[in-house]
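Participant: Would you mind keeping the following structure in view while I ask a few things?
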Amino acid sequence: MKEKRSRHSDSDNVGTDSSISVVFQDNNLLPMLFGENDSHLAKIEKKLKVTASSRGNVLALTGEKANIEAARTVLQALYAELKKGGDVGAAQVDAAIRLIGNDHGEEHHHNPSLFGANDHLVIKTMKKTVKPYSPTQAKYIQSLQKHDLCFALGPAGTGKTYIAVAMAVAMFQSQRVEKIILSRPAVEAGEKLGFLPGDLKEKIDPYLRPLYDALYDMIPSEKLDRHIEVGEIEVAPLAFMRGRTFSNAFVILDEAQNTTPTQMKMFLTRMGENSRMVVTGDLTQTDLPKDVKSGLGDAIRKLENIEGIGSVRFADSDVVRHALAARIIQAYDEWDKKKKTTGNQNNQN
């Protein structure tokens, strides 16, 4: 392999004083590790503020000590993933940087297994294996394993619902629960249900489609259809939950910011013997009327500190969709903050 030069100018490296070499045994894996036109390597250089150049199977990293140690661990984690036969694309590189590179703690420097490879952080479903792609996702999986009731709050694209569905499927296939119940409040968001075509099921199904999509990602379609047909897996609006008790079930309430306090209390008190509950939502995306308080916010205030209840909060930095999605969320948040600040100043004047 010919030498790869750094993509940073000397002026980018003012103040750096350390250099290390990383040796990779299998040259055949390096094109996938470095990415097409060294795109993965360039991303690691940019985000971790290091420079990299390679000759053969030796990669030299230069930069501040904490940064080059983090970059080495990221590269070793990705290389270990390739050795196991895994994929390393842009999403995996971003995930490794989030999981390892953003935390320069010493425990990360020599632990490539933190890239979703710890067995206790891996969720195995019938069709795929789900791994944490951010530190908060890792914390979330641990909370789901530990608590019978877990709240997950944060913006879209952070994996709140997807990971919960994966955990539900894993527990169902290992017979730790007998049933999966997925629910959402059917709150109108800009359109009136009465004006939509079709019967009640056809009106409601679009609200539940993301839950079906997650299930089909993890269970073969013919098996999933059979489980739904016999009632072992149920996807239904929140209104259908009233008067029931959930026993031996994994129950997920998605988009919970659109519940009222009364609905939330009704849902939470459905918990029965040997059941798990997960409640997910984004308090910044409420579709309730302005004068109606969110049941999710109300529940968090009242229940978050109760022993036995888990609570995980995702941030913009945990968004694992396209990089633009995270920047869009941040732009909206910054705009809202400016608007509030301006409003407060006007009120004071």
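Letters for chains follow the order of the structure tokens (A, B, ...), residue numbers begin at 1 for each chain, and ligand numbers begin at 1 in the order shown.
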Which residues, written as a list in words, have at least one atom at most 7 Å from range 308-311 of chain A, with only C-alpha atoms counted and residues fewer than 2 positions away on the same chain left out?

Facilitator: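 Residues meeting the cut-off are Ser143, His147, Asp148, Leu149, Cys150, Phe151, Ala152, Glu304, Ile306 and Arg313 of chain A.
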
Participant: Those residues with N, CA and C atoms, as a PDB file, in the first residue's frame please?

Facilitator:
ATOM      1  N   SER A 143     -30.301   0.143  31.132  1.00  0.00           N
ATOM      2  CA  SER A 143     -31.494   0.488  31.899  1.00  0.00           C
ATOM      3  C   SER A 143     -32.656  -0.446  31.568  1.00  0.00           C
ATOM      4  N   HIS A 147     -34.433  -2.431  34.656  1.00  0.00           N
ATOM      5  CA  HIS A 147     -35.682  -1.901  35.220  1.00  0.00           C
ATOM      6  C   HIS A 147     -36.919  -2.483  34.565  1.00  0.00           C
ATOM      7  N   ASP A 148     -37.960  -2.656  35.367  1.00  0.00           N
ATOM      8  CA  ASP A 148     -39.253  -3.108  34.838  1.00  0.00           C
ATOM      9  C   ASP A 148     -40.001  -1.967  34.152  1.00  0.00           C
ATOM     10  N   LEU A 149     -39.694  -0.729  34.533  1.00  0.00           N
ATOM     11  CA  LEU A 149     -40.284   0.440  33.879  1.00  0.00           C
ATOM     12  C   LEU A 149     -39.165   1.408  33.545  1.00  0.00           C
ATOM     13  N   CYS A 150     -39.115   1.815  32.281  1.00  0.00           N
ATOM     14  CA  CYS A 150     -38.050   2.712  31.842  1.00  0.00           C
ATOM     15  C   CYS A 150     -38.624   3.812  30.966  1.00  0.00           C
ATOM     16  N   PHE A 151     -38.252   5.052  31.256  1.00  0.00           N
ATOM     17  CA  PHE A 151     -38.609   6.199  30.420  1.00  0.00           C
ATOM     18  C   PHE A 151     -37.402   6.561  29.547  1.00  0.00           C
ATOM     19  N   ALA A 152     -37.667   6.856  28.278  1.00  0.00           N
ATOM     20  CA  ALA A 152     -36.611   7.305  27.363  1.00  0.00           C
ATOM     21  C   ALA A 152     -37.081   8.579  26.688  1.00  0.00           C
ATOM     22  N   GLU A 304     -39.670  10.018  38.199  1.00  0.00           N
ATOM     23  CA  GLU A 304     -38.299   9.801  37.750  1.00  0.00           C
ATOM     24  C   GLU A 304     -37.372   9.311  38.853  1.00  0.00           C
ATOM     25  N   ILE A 306     -38.160   7.577  41.585  1.00  0.00           N
ATOM     26  CA  ILE A 306     -38.639   6.421  42.332  1.00  0.00           C
ATOM     27  C   ILE A 306     -37.728   5.222  42.077  1.00  0.00           C
ATOM     28  N   ARG A 313     -32.112  10.083  29.158  1.00  0.00           N
ATOM     29  CA  ARG A 313     -32.356  11.278  28.355  1.00  0.00           C
ATOM     30  C   ARG A 313     -31.338  11.354  27.219  1.00  0.00           C
TER      31      ARG A 313
END

Participant: If we count only C-alpha atoms and set the cut-off at 12 Å, which residues sit around range 286-288 of chain A, ignoring sequence neighbours fewer than 3 positions away in its own chain? Please answer as a ChimeraX atom specification.

Facilitator: /A:155,185-191,255-261,281-283,291-297

Participant: Save the residues we just selected, C-alpha atoms, as a PDB file, in the first residue's frame?

Facilitator:
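So part22.pdb came out as:
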ATOM      1  CA  PRO A 155     -35.245  13.845  19.894  1.00  0.00           C
ATOM      2  CA  PRO A 185     -51.615   7.709  21.179  1.00  0.00           C
ATOM      3  CA  ALA A 186     -53.492   8.484  17.949  1.00  0.00           C
ATOM      4  CA  VAL A 187     -53.171  12.254  18.220  1.00  0.00           C
ATOM      5  CA  GLU A 188     -53.926  14.311  15.138  1.00  0.00           C
ATOM      6  CA  ALA A 189     -50.905  16.208  13.842  1.00  0.00           C
ATOM      7  CA  GLY A 190     -52.177  18.674  11.280  1.00  0.00           C
ATOM      8  CA  GLU A 191     -54.861  16.421   9.805  1.00  0.00           C
ATOM      9  CA  GLU A 255     -44.744   9.079  21.263  1.00  0.00           C
ATOM     10  CA  ALA A 256     -45.833   9.376  24.879  1.00  0.00           C
ATOM     11  CA  GLN A 257     -45.477  13.167  24.834  1.00  0.00           C
ATOM     12  CA  ASN A 258     -48.924  13.127  23.187  1.00  0.00           C
ATOM     13  CA  THR A 259     -50.654  11.519  26.165  1.00  0.00           C
ATOM     14  CA  THR A 260     -52.587  13.454  28.776  1.00  0.00           C
ATOM     15  CA  PRO A 261     -51.739  12.906  32.470  1.00  0.00           C
ATOM     16  CA  GLY A 281     -41.176  10.422  23.730  1.00  0.00           C
ATOM     17  CA  ASP A 282     -39.856  13.847  22.858  1.00  0.00           C
ATOM     18  CA  LEU A 283     -41.257  16.658  24.979  1.00  0.00           C
ATOM     19  CA  ASP A 291     -53.825  24.171  27.017  1.00  0.00           C
ATOM     20  CA  VAL A 292     -53.329  20.409  27.619  1.00  0.00           C
ATOM     21  CA  LYS A 293     -50.390  19.255  29.747  1.00  0.00           C
ATOM     22  CA  SER A 294     -48.288  16.349  28.466  1.00  0.00           C
ATOM     23  CA  GLY A 295     -48.678  13.136  30.415  1.00  0.00           C
ATOM     24  CA  LEU A 296     -45.037  12.275  29.737  1.00  0.00           C
ATOM     25  CA  GLY A 297     -43.714  15.463  31.309  1.00  0.00           C
TER      26      GLY A 297
END

Participant: Do you know which residues are at most 8 Å from Val251 in chain A counting only C-alpha atoms, after dropping those on the same chain fewer than 6 positions away, and could you put them as a list in words?

Facilitator: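 The residues satisfying every condition are Ala168, Ile180, Ile181, Leu182, Ser183, Ser275, Arg276, Met277 and Val278 of chain A.
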
Participant: Could you take the residues named above and write them with all heavy atoms, as a CSV table (one decimal), in the first residue's frame?

Facilitator:
chain,number,residue,atom,x,y,z
A,168,ALA,N,-37.7,-6.0,23.3
A,168,ALA,CA,-38.9,-6.7,23.4
A,168,ALA,C,-38.9,-8.0,22.6
A,168,ALA,O,-39.3,-9.1,23.1
A,168,ALA,CB,-40.1,-5.8,22.9
A,180,ILE,N,-45.8,-9.3,23.2
A,180,ILE,CA,-45.3,-7.9,23.0
A,180,ILE,C,-46.5,-7.0,22.6
A,180,ILE,O,-47.3,-7.4,21.8
A,180,ILE,CB,-44.3,-7.9,21.8
A,180,ILE,CG1,-43.1,-8.7,22.1
A,180,ILE,CG2,-43.9,-6.5,21.4
A,180,ILE,CD1,-42.1,-8.8,20.9
A,181,ILE,N,-46.6,-5.9,23.3
A,181,ILE,CA,-47.7,-4.9,23.0
A,181,ILE,C,-47.0,-3.6,22.7
A,181,ILE,O,-46.3,-3.0,23.6
A,181,ILE,CB,-48.6,-4.8,24.2
A,181,ILE,CG1,-49.3,-6.2,24.5
A,181,ILE,CG2,-49.7,-3.8,24.0
A,181,ILE,CD1,-50.1,-6.2,25.8
A,182,LEU,N,-47.3,-3.1,21.6
A,182,LEU,CA,-46.7,-1.8,21.2
A,182,LEU,C,-47.9,-0.8,21.0
A,182,LEU,O,-48.9,-1.1,20.3
A,182,LEU,CB,-45.9,-1.9,19.9
A,182,LEU,CG,-44.9,-3.0,19.8
A,182,LEU,CD1,-44.2,-3.0,18.4
A,182,LEU,CD2,-43.9,-2.8,20.9
A,183,SER,N,-47.8,0.4,21.5
A,183,SER,CA,-48.9,1.3,21.5
A,183,SER,C,-48.4,2.8,21.2
A,183,SER,O,-47.3,3.1,21.6
A,183,SER,CB,-49.7,1.3,22.8
A,183,SER,OG,-50.8,2.1,22.7
A,275,SER,N,-44.0,-8.2,33.9
A,275,SER,CA,-44.1,-7.4,32.7
A,275,SER,C,-43.1,-6.3,32.7
A,275,SER,O,-42.5,-5.9,33.8
A,275,SER,CB,-45.5,-6.7,32.7
A,275,SER,OG,-46.5,-7.6,32.2
A,276,ARG,N,-42.7,-5.9,31.6
A,276,ARG,CA,-41.8,-4.8,31.4
A,276,ARG,C,-42.5,-3.7,30.6
A,276,ARG,O,-43.3,-4.0,29.7
A,276,ARG,CB,-40.5,-5.2,30.5
A,276,ARG,CG,-39.7,-6.2,31.2
A,276,ARG,CD,-38.8,-5.6,32.3
A,276,ARG,NE,-37.9,-6.6,32.9
A,276,ARG,CZ,-36.6,-6.7,32.6
A,276,ARG,NH1,-36.1,-5.9,31.6
A,276,ARG,NH2,-35.9,-7.6,33.2
A,277,MET,N,-42.2,-2.4,31.0
A,277,MET,CA,-42.8,-1.3,30.3
A,277,MET,C,-41.7,-0.3,29.9
A,277,MET,O,-40.8,0.0,30.7
A,277,MET,CB,-43.9,-0.6,31.2
A,277,MET,CG,-45.2,-1.2,31.2
A,277,MET,SD,-46.4,-0.1,32.0
A,277,MET,CE,-47.9,-0.9,31.6
A,278,VAL,N,-41.8,0.2,28.7
A,278,VAL,CA,-41.0,1.3,28.2
A,278,VAL,C,-41.8,2.4,27.7
A,278,VAL,O,-42.7,2.2,26.9
A,278,VAL,CB,-40.0,0.8,27.1
A,278,VAL,CG1,-39.0,1.9,26.7
A,278,VAL,CG2,-39.2,-0.5,27.6

Participant: Can you tell me, as JSON, numbers by chain, which residues in range 15-220 of chain A count as strand (DSSP E or B) by DSSP?

Facilitator: {"A": [18, 19, 20, 21, 22, 23, 50, 51, 52, 53, 54, 55, 58, 59, 60, 61, 62, 63, 123, 124, 129, 130, 149, 150, 151, 152, 153, 179, 180, 181, 182, 183, 184]}

Participant: For His40 in chain A, which residue among A:Gln92, A:Thr73, A:Gln142, A:Ser53 is the nearest when counting only C-alpha atoms?

Facilitator: A:Gln92

Participant: Can you tell me which residues surround Asp225 in chain A at a distance of at most 12 Å, considering only C-alpha atoms, apart from same-chain residues fewer than 5 positions away, and format the answer as a list in words?

Facilitator: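 With the cut-off at 12 Å, the set is Tyr212, Leu215, Tyr216, Ile219, Pro220, Val230, Gly231, Glu232, Ile233, Glu234 and Val235 of chain A.
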
Participant: Would you write out those residues with C-alpha atoms, as a short mmCIF file (atom, residue, chain, number, x, y, z; two decimals), in the first residue's frame?

Facilitator:
data_model
loop_
_atom_site.label_atom_id
_atom_site.label_comp_id
_atom_site.auth_asym_id
_atom_site.auth_seq_id
_atom_site.Cartn_x
_atom_site.Cartn_y
_atom_site.Cartn_z
CA TYR A 212 -44.60 -2.24 12.43
CA LEU A 215 -40.87 -5.28 14.06
CA TYR A 216 -40.41 -6.30 10.43
CA ILE A 219 -38.73 -10.71 12.83
CA PRO A 220 -39.21 -12.56 9.51
CA VAL A 230 -52.68 -15.28 17.19
CA GLY A 231 -52.35 -12.17 19.38
CA GLU A 232 -48.83 -12.78 20.70
CA ILE A 233 -47.71 -9.46 19.20
CA GLU A 234 -50.13 -6.56 19.27
CA VAL A 235 -49.85 -3.08 17.83
#

Participant: Give me, as number ranges by chain, all polymer residues having an atom no more than 12 Å from Phe24 in chain A, counting only C-alpha atoms and skipping those fewer than 6 positions away in the same chain.

Facilitator: A: 30-31, 33-34, 54-60, 72, 75-80, 82-83

Participant: Would you return as a ChimeraX atom specification the members of range 86-305 of chain A that DSSP assigns to helix (DSSP H, G or I) on this structure's backbone?

Facilitator: /A:90-101,106-109,112-114,119-121,135-146,160-173,193-195,200-218,221-229,238-241,256-258,261-268,295-303

Participant: Between A:Leu253, A:Ile228, A:Thr280, A:Val320, which has the minimum distance to Ala91 in chain A (counting only C-alpha atoms)?

Facilitator: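 The answer is A:Val320, which sits nearest to Ala91 in chain A.
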
Participant: Quick one, how far is CA of Thr161 in chain A from CA of Pro237 in chain A?

Facilitator: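 Computing it gives 15.5 Å between the two atoms.
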
Participant: Pick out the closest residue to Thr245 in chain A from this set: A:Met271, A:Leu224, A:Ala138, A:Ala299. Count only C-alpha atoms.

Facilitator: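 Of A:Met271, A:Leu224, A:Ala138, A:Ala299, the one nearest Thr245 in chain A, counting only C-alpha atoms, is A:Met271.
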
Participant: Could you check how far CA of Arg226 in chain A sits from CA of Lys128 in chain A, in Å to one decimal?

Facilitator: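 Between these atoms lies a distance of 19.2 Å.
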
Participant: Using only C-alpha atoms, which of the listed residues (A:Ile328, A:Leu153, A:Met241, A:Val177) sits closest to Tyr140 in chain A?

Facilitator: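 Nearest to Tyr140 in chain A: A:Leu153.
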
Participant: Identify, on the basis of only C-alpha atoms, every residue whose closest approach to Gly159 in chain A does not exceed 10 Å; exclude the query and any residue fewer than 4 positions from it along the same chain; express the result as a list in words.

Facilitator: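 Contacts, with the query itself left out: Pro132, Tyr133, Ser134, Thr136, Gln137, Tyr140, Ala152, Gly154, Pro155, Ile163, Ala164, Val165, Phe314, Asp318, Val319, Val320 and Arg321 of chain A.
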
Participant: Once you have the residues from the selection above, write them out as a compact mmCIF listing (two decimals), in the first residue's frame, restricted to N, CA, C and O atoms.

Facilitator:
# COMPACT_ATOMS: atom_id res chain seq x y z
N PRO A 132 -25.35 -0.71 20.53
CA PRO A 132 -25.42 0.72 20.85
C PRO A 132 -24.52 1.52 19.92
O PRO A 132 -23.39 1.14 19.66
N TYR A 133 -25.06 2.62 19.41
CA TYR A 133 -24.30 3.50 18.52
C TYR A 133 -23.97 4.84 19.18
O TYR A 133 -23.50 5.75 18.51
N SER A 134 -24.24 4.96 20.45
CA SER A 134 -23.84 6.15 21.20
C SER A 134 -23.73 5.75 22.66
O SER A 134 -24.30 4.73 23.08
N THR A 136 -25.19 7.04 25.15
CA THR A 136 -26.52 7.06 25.77
C THR A 136 -27.30 5.82 25.38
O THR A 136 -28.08 5.29 26.19
N GLN A 137 -27.12 5.33 24.15
CA GLN A 137 -27.78 4.09 23.77
C GLN A 137 -27.28 2.93 24.63
O GLN A 137 -28.07 2.05 25.02
N TYR A 140 -28.95 3.20 27.84
CA TYR A 140 -30.36 2.85 27.65
C TYR A 140 -30.55 1.33 27.69
O TYR A 140 -31.45 0.81 28.36
N ALA A 152 -37.67 6.86 28.28
CA ALA A 152 -36.61 7.31 27.36
C ALA A 152 -37.08 8.58 26.69
O ALA A 152 -38.09 8.58 25.97
N GLY A 154 -36.09 12.21 24.42
CA GLY A 154 -35.11 12.83 23.55
C GLY A 154 -35.61 12.94 22.13
O GLY A 154 -36.70 12.48 21.80
N PRO A 155 -34.81 13.56 21.27
CA PRO A 155 -35.24 13.84 19.89
C PRO A 155 -35.36 12.59 19.04
O PRO A 155 -34.85 11.52 19.38
N ILE A 163 -34.56 0.50 19.78
CA ILE A 163 -33.87 -0.34 20.76
C ILE A 163 -34.87 -1.00 21.69
O ILE A 163 -34.72 -2.17 22.06
N ALA A 164 -35.92 -0.28 22.07
CA ALA A 164 -36.96 -0.87 22.93
C ALA A 164 -37.64 -2.03 22.23
O ALA A 164 -37.88 -3.09 22.84
N VAL A 165 -37.95 -1.88 20.94
CA VAL A 165 -38.57 -2.97 20.18
C VAL A 165 -37.60 -4.15 20.08
O VAL A 165 -38.00 -5.32 20.22
N PHE A 314 -31.84 11.37 26.00
CA PHE A 314 -31.00 11.50 24.82
C PHE A 314 -30.86 12.97 24.44
O PHE A 314 -31.76 13.78 24.71
N ASP A 318 -26.83 12.47 20.22
CA ASP A 318 -27.10 11.02 20.14
C ASP A 318 -27.85 10.62 18.88
O ASP A 318 -28.12 9.44 18.67
N VAL A 319 -28.21 11.59 18.04
CA VAL A 319 -28.94 11.27 16.81
C VAL A 319 -28.06 10.41 15.92
O VAL A 319 -26.93 10.76 15.60
N VAL A 320 -28.59 9.24 15.53
CA VAL A 320 -27.80 8.29 14.75
C VAL A 320 -28.30 8.18 13.31
O VAL A 320 -27.93 7.27 12.59
N ARG A 321 -29.14 9.08 12.89
CA ARG A 321 -29.54 9.14 11.49
C ARG A 321 -28.48 9.93 10.72
O ARG A 321 -27.37 10.11 11.17

Participant: Find, counting only C-alpha atoms, the residue in A:Ala95, A:Leu61, A:Leu268, A:Val312 that gets nearest to Val23 in chain A.

Facilitator: A:Leu61

Participant: Distance CA of Met167 in chain A-CA of Asp205 in chain A, one decimal place?

Facilitator: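 CA of Met167 in chain A sits 22.8 Å away from CA of Asp205 in chain A.
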